[in-house]
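Peer 1: Please find one structure pasted underneath; my questions will follow.
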Amino acid sequence: MNALPAREQQIHILLVEDDPADARLIEIYLEESGFGDWLIDRAQSIQEALDQLEEQDYAIVLLDLTLPDGTGTENIRRIKSRFPDQNVVVLTGFDERVFGMEAVQQGAQDFLVKGDYDENSLAKTLRFSIERQNFIRRLEETQKIARIGSWEFHPDSGRLILSDQVLALTRPDDTELKDGMPSVELNHLLRRIHRIALSGREVNLDTRMKIPGNGERYFHVQCRLTRTPINQEIVQGILQDVTDRYQTEEMRKSRDLARKSTEIREQFIASISHEMRTPMNAIMGLSNVLLTGSDLAGEKKQMIQAIRDASDILLGIVNDILDFSAIQAGKIQFREEPFSVRSVCRNLEQILAAKVRDKGLSWKMIIEDQVPDQLIGDKLRMSQILFNLLGNAIKFTDAGQVALHVDCSQRTRNKVSLTFRIEDTGIGIPAEAQQSIFEDFNRVKYQNKTYEGTGLGLAITRQLVELQQGRIYLESQVGVGTTFFVHLDFAVEQTLPNGHAVMEPVRSSEGAFRGTILVVEDHKMNQLVARKTLERQWPEVKILMAENGQVGLELLERNDVDLVLMDLQMPVMDGYQATQAIRRHPLARIRQVPVLAMTANAYVSRDDQLHEKGFTDFVLKPFEPDQLFARILQYAPIKTISL
Ligand code: ADP
């Protein structure tokens, strides 16, 4: 069954005409036009028309300009001022055609000259007026969405016609729009830009206006002088509220600025840390060398010990700042590599032994048997967490014991949850400070003693734990002691098919070394530190010194070298290039030599790419002598070691 064609909607007209003959003629024309279904109401005066418009919606008002209670454009003004959106077409006498044009300027859609139209032109004019009115309404809707308003200024009469949108955008919410008056600020702006437009220049600018109740708003304004078909000058303009876009743009700018300044800060910190580490390497290295010498005694030894301790603290601060800035920049990455938890703990035990001894404390370390040894994770970060907590435990304990206890709270075949407990019998942390000490730069103030530090250690530690989905908390009692708990999950390294676990070579630094070490380092101070440190430890070691990668390669070719200590940044040929050349060397003896990167830059040293770039491992400058020796013994060929 076919649907019936939709019945065309009736077009409701208010015909305002006092001459019955003219009115009748229009009715006849419209009936005959076949251009729609017209429903015509009549009014004979302006007053009557206004009353009817109050009662009823009309698609068109067809308005005679000569009525008993009004003539000319006065009629249209009276209707438009009460019903600004009303579609009006005016009828004029033959002699009053000029009124027609004026009426259009006053807001009429069109005009018809009596006696000059037939049924078709009448109907068409009316239909088109409706279409135009609809079009204007849609345009206004669009402008509303785009927050655009428009206006017209007639310089000869001084008349200003503002669209509702201009008023809505520029006036406080609570003012009535109907009066069509601009706000003081808008008036000010318009006067300024009309002057420019009238001088023949186009206006295209961004500006802002304070709108009471709506804050400061940003506008884009365009305006220019045009001419009507009857050669009248009109200034036309549009104004768009661009506050949202402006604010997004401002936000983007400040985000970019923040990103840029983070980058600059990181670069600054990285290079400062590099610059600081190099001289510190010399201070620490040389005081180490002096301290291990037997020719030093009494006060001098104490003073050098003090230099060594102070630079140790300074180095700790530099490292903390580096880490802190890396965490803030979201730059911390955790390695997923097999490591031995027992070897990490034993290593720490060694490093901290001297401090524990110096303070006359006792030390206990218990790693429960059920803790699997081979885990997957970041051993450097693991040591850093424990080092910070154990370091604090020793620092804040003047008598008694510091202990590290490792237990496993949960275990499946592939995963394990470990609990590290760091206990001390130190000064304790007051209850009210127990949460805040994990925040950046937060420290407890003590009345009669000061402890060195920056207050960054625990903030970094917590971040390192939490970034690995772990948990850290503490229990403490003032005067009794403190226990920090760290829970961390690890994947368990599976044993290899041949039944051996991946073992990390654990070797102590005790062992004599008689081989040849090539040190490639451009810095004279660092050369001296490396030479003295190694010679003091192993009097029989042979040391070759090269000031850049190229010299290093030549020495490698001419000598039988057991291990290379390679600086990274050097003139002529840097450490990366030299190591690449070593790994590609035609001689197997050279290709296979262990190369340890020496770097003062903690970022670079944690760079996974060091392995990819051919380095066997790295040592951080300033050297911790025991670590340096242990690394050398770990990688140097076994034949050169005698115990
Ligand atoms: P720093 O040690 O550089 O001051 P931390 O962030 O490592 O910074 O520690 C913050 C504060 O927490 C310390 O200054 C100290 O007051 C307190 N604190 C940390 N660990 C202990 C501890 N084991 N015993 C007592 N107080 C501690």
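Chain labels run A, B, ... following the order of the structure tokens; each chain numbers its residues from 1, and ligands are numbered from 1 in the order shown.
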Just the residues within 12 Å of range 101-103 of chain A, please, counting only C-alpha atoms, with nothing from its chain fewer than 5 positions along; format it as a list in words.
Peer 2: Leu63, Asp64, Leu65, Thr71, Gly72, Thr73, Glu74, Asn75, Ile76, Arg77, Arg78, Ile79, Lys80, Val88, Val89, Val90, Leu91, Thr92, Glu96, Ala108, Gln109, Asp110, Phe111, Leu112, Val113, Thr228, Pro229, Ile230 and Gln232 of chain A
Peer 1: Identify, counting only C-alpha atoms and all ligand atoms, the protein, DNA and RNA residues located within 6 Å of ligand 1, and give them as a ChimeraX atom specification.
Peer 2: /A:392-393,396,426-429,437,442-444,453-459,482
Peer 1: Could those selected residues go to a file with C-alpha atoms, as a compact mmCIF listing (two decimals), in the first residue's frame?
Peer 2:
```txt
# COMPACT_ATOMS: atom_id res chain seq x y z
CA ASN A 392 69.50 5.80 57.33
CA ALA A 393 69.34 3.02 59.92
CA PHE A 396 70.19 7.48 62.95
CA GLY A 426 68.18 4.21 66.87
CA ILE A 427 66.51 7.46 67.82
CA GLY A 428 63.13 6.52 66.30
CA ILE A 429 60.65 8.70 64.40
CA ILE A 437 59.11 11.81 56.07
CA ASN A 442 61.03 16.35 54.64
CA ARG A 443 63.19 15.79 57.66
CA VAL A 444 62.64 15.56 61.40
CA GLY A 453 71.09 14.85 54.50
CA THR A 454 68.70 16.42 52.06
CA GLY A 455 65.44 14.72 52.95
CA LEU A 456 65.25 13.24 49.46
CA GLY A 457 66.34 9.68 50.26
CA LEU A 458 63.01 8.35 51.50
CA ALA A 459 61.03 10.17 48.82
CA THR A 482 62.65 1.97 63.72
```
Peer 1: Which distance in Å separates CA of Asn204 in chain A and CA of His220 in chain A, to one decimal?
Peer 2: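 Distance reported for this atom pair: 7.5 Å.
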Peer 1: What is the distance between CA of Pro155 in chain A and CA of Arg137 in chain A, in Å to one decimal?
Peer 2: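 So the two atoms, CA of Pro155 in chain A and CA of Arg137 in chain A, lie 26.8 Å apart.
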Peer 1: Excluding Tyr576 in chain A and its own-chain neighbours fewer than 4 positions away, which residues fall within 7 Å of it when counting only C-alpha atoms? Please give them as a PyMOL selection string.
Peer 2: chain A and resi 568+580+613
Peer 1: Give me the residues near Ile317 in chain A as a ChimeraX atom specification, where near means some atom within 12 Å (using only C-alpha atoms) and where sequence neighbours in that chain fewer than 4 positions away do not count.
Peer 2: /A:273,276-277,310-313,321-324,388,441,452-457,460
Peer 1: Got time to write the residues from that selection, C-alpha atoms, as a PDB file, in the first residue's frame?
Peer 2:
```pdb
ATOM      1  CA  SER A 273      76.385  16.085  37.991  1.00  0.00           C
ATOM      2  CA  MET A 276      80.830  17.537  39.823  1.00  0.00           C
ATOM      3  CA  ARG A 277      81.566  13.857  39.711  1.00  0.00           C
ATOM      4  CA  ALA A 310      82.636  14.734  53.292  1.00  0.00           C
ATOM      5  CA  SER A 311      83.016  13.931  49.624  1.00  0.00           C
ATOM      6  CA  ASP A 312      81.138  10.691  50.202  1.00  0.00           C
ATOM      7  CA  ILE A 313      78.204  12.727  51.510  1.00  0.00           C
ATOM      8  CA  ILE A 321      69.322  14.946  43.043  1.00  0.00           C
ATOM      9  CA  LEU A 322      69.905  13.033  39.835  1.00  0.00           C
ATOM     10  CA  ASP A 323      67.480  10.313  40.812  1.00  0.00           C
ATOM     11  CA  PHE A 324      64.927  12.751  42.056  1.00  0.00           C
ATOM     12  CA  ASN A 388      69.028   4.151  51.406  1.00  0.00           C
ATOM     13  CA  PHE A 441      62.738  17.336  51.381  1.00  0.00           C
ATOM     14  CA  GLU A 452      73.462  15.571  57.398  1.00  0.00           C
ATOM     15  CA  GLY A 453      71.094  14.852  54.500  1.00  0.00           C
ATOM     16  CA  THR A 454      68.696  16.421  52.058  1.00  0.00           C
ATOM     17  CA  GLY A 455      65.439  14.716  52.951  1.00  0.00           C
ATOM     18  CA  LEU A 456      65.250  13.240  49.464  1.00  0.00           C
ATOM     19  CA  GLY A 457      66.340   9.678  50.256  1.00  0.00           C
ATOM     20  CA  ILE A 460      63.161   8.493  46.162  1.00  0.00           C
TER      21      ILE A 460
END
```
Peer 1: Given the choices A:Ile13, A:Leu386, A:Leu544, A:Leu122, which gets closest to Leu528 in chain A if the distance is worked out from only C-alpha atoms?
Peer 2: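 The answer is A:Leu544, which sits nearest to Leu528 in chain A.
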Peer 1: Rank nothing, just name the residue among A:Phe153, A:Met570, A:Gln537, A:Ala530 nearest to Val619 in chain A, using only C-alpha atoms.
Peer 2: A:Ala530
Peer 1: Can you work out which one of A:Ala399, A:Leu67, A:Ile272, A:Leu25 has the shortest atom-to-atom distance to Arg357 in chain A, counting only C-alpha atoms?
Peer 2: A:Ala399
Peer 1: Apply DSSP to the backbone of this structure and, from range 219-372 of chain A, keep only the residues in helix (DSSP H, G or I); write these as a PyMOL selection string.
Peer 2: chain A and resi 243-292+298-328+341-358
Peer 1: Which residues are close to range 288-290 of chain A, i.e. within 10 Å by only C-alpha atoms, leaving aside same-chain residues fewer than 5 positions away? Reply as JSON, numbers by chain.
Peer 2: {"A": [282, 283, 295, 296, 300, 301, 304, 305, 307, 308, 529, 530, 531, 532, 533, 534, 535, 536, 537, 623, 624, 625]}
Peer 1: Once DSSP has gone over the backbone, tell me which residues of range 23-143 of chain A are in strand (DSSP E), as a list in words.
Peer 2: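 Of range 23-143 of chain A, only Trp38, Leu39, Ile40, Asp41, Arg42, Ala43, Ile60, Val61, Leu62, Leu63, Asp64, Thr66, Leu67, Gly70, Thr71, Val88, Val89, Val90, Leu91, Thr92, Asp110, Phe111, Leu112 and Val113 of chain A fall in strand (DSSP E).
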Peer 1: Those same residues - N, CA and C atoms - I'd like them written as an mmCIF file, in the first residue's frame.
Peer 2:
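Output saved as out-v7.cif:
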```
data_model
loop_
_atom_site.group_PDB
_atom_site.id
_atom_site.type_symbol
_atom_site.label_atom_id
_atom_site.label_comp_id
_atom_site.auth_asym_id
_atom_site.auth_seq_id
_atom_site.Cartn_x
_atom_site.Cartn_y
_atom_site.Cartn_z
ATOM 1 N N TRP A 38 -2.974 28.449 1.711
ATOM 2 C CA TRP A 38 -2.877 29.688 2.482
ATOM 3 C C TRP A 38 -4.048 29.800 3.448
ATOM 4 N N LEU A 39 -3.756 30.234 4.643
ATOM 5 C CA LEU A 39 -4.824 30.520 5.603
ATOM 6 C C LEU A 39 -4.650 31.985 5.996
ATOM 7 N N ILE A 40 -5.685 32.794 5.649
ATOM 8 C CA ILE A 40 -5.480 34.243 5.785
ATOM 9 C C ILE A 40 -6.361 34.826 6.893
ATOM 10 N N ASP A 41 -5.698 35.536 7.845
ATOM 11 C CA ASP A 41 -6.438 36.321 8.838
ATOM 12 C C ASP A 41 -6.290 37.777 8.436
ATOM 13 N N ARG A 42 -7.296 38.587 8.834
ATOM 14 C CA ARG A 42 -7.219 39.996 8.421
ATOM 15 C C ARG A 42 -7.114 40.920 9.622
ATOM 16 N N ALA A 43 -6.402 42.053 9.410
ATOM 17 C CA ALA A 43 -6.398 43.126 10.416
ATOM 18 C C ALA A 43 -6.447 44.427 9.623
ATOM 19 N N ILE A 60 3.823 34.787 7.968
ATOM 20 C CA ILE A 60 4.093 36.066 7.316
ATOM 21 C C ILE A 60 3.095 37.121 7.814
ATOM 22 N N VAL A 61 3.599 38.342 7.961
ATOM 23 C CA VAL A 61 2.673 39.479 8.098
ATOM 24 C C VAL A 61 2.803 40.257 6.788
ATOM 25 N N LEU A 62 1.692 40.384 6.070
ATOM 26 C CA LEU A 62 1.702 41.161 4.827
ATOM 27 C C LEU A 62 1.128 42.525 5.186
ATOM 28 N N LEU A 63 1.988 43.522 5.176
ATOM 29 C CA LEU A 63 1.657 44.780 5.850
ATOM 30 C C LEU A 63 1.559 45.947 4.877
ATOM 31 N N ASP A 64 0.367 46.546 4.840
ATOM 32 C CA ASP A 64 0.206 47.765 4.043
ATOM 33 C C ASP A 64 0.889 48.919 4.780
ATOM 34 N N THR A 66 0.141 52.074 4.399
ATOM 35 C CA THR A 66 -0.744 53.222 4.666
ATOM 36 C C THR A 66 -1.981 52.714 5.400
ATOM 37 N N LEU A 67 -1.991 52.958 6.699
ATOM 38 C CA LEU A 67 -3.088 52.454 7.540
ATOM 39 C C LEU A 67 -3.663 53.617 8.341
ATOM 40 N N GLY A 70 -1.330 54.617 11.158
ATOM 41 C CA GLY A 70 0.118 54.752 10.936
ATOM 42 C C GLY A 70 0.452 54.652 9.461
ATOM 43 N N THR A 71 1.510 55.362 9.088
ATOM 44 C CA THR A 71 1.937 55.272 7.686
ATOM 45 C C THR A 71 3.460 55.107 7.595
ATOM 46 N N VAL A 88 8.118 39.852 7.933
ATOM 47 C CA VAL A 88 7.159 40.873 7.447
ATOM 48 C C VAL A 88 7.451 41.205 5.985
ATOM 49 N N VAL A 89 6.414 41.195 5.138
ATOM 50 C CA VAL A 89 6.542 41.688 3.758
ATOM 51 C C VAL A 89 5.605 42.898 3.655
ATOM 52 N N VAL A 90 6.109 44.007 3.065
ATOM 53 C CA VAL A 90 5.257 45.209 3.058
ATOM 54 C C VAL A 90 4.634 45.453 1.681
ATOM 55 N N LEU A 91 3.482 46.101 1.711
ATOM 56 C CA LEU A 91 2.776 46.499 0.480
ATOM 57 C C LEU A 91 2.864 48.015 0.382
ATOM 58 N N THR A 92 3.285 48.489 -0.773
ATOM 59 C CA THR A 92 3.345 49.959 -0.919
ATOM 60 C C THR A 92 2.554 50.365 -2.162
ATOM 61 N N ASP A 110 10.838 41.786 2.398
ATOM 62 C CA ASP A 110 10.693 42.162 0.983
ATOM 63 C C ASP A 110 9.561 43.182 0.881
ATOM 64 N N PHE A 111 9.322 43.721 -0.306
ATOM 65 C CA PHE A 111 8.156 44.608 -0.491
ATOM 66 C C PHE A 111 7.500 44.353 -1.847
ATOM 67 N N LEU A 112 6.190 44.588 -1.893
ATOM 68 C CA LEU A 112 5.413 44.416 -3.131
ATOM 69 C C LEU A 112 4.762 45.754 -3.464
ATOM 70 N N VAL A 113 4.767 46.126 -4.749
ATOM 71 C CA VAL A 113 4.130 47.385 -5.164
ATOM 72 C C VAL A 113 2.731 47.049 -5.694
#
```
Peer 1: Figure out the distance between CA of Gly158 in chain A and CA of Arg171 in chain A, please, to one decimal in Å.
Peer 2: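 Going from CA of Arg171 in chain A over to CA of Gly158 in chain A covers 21.3 Å.
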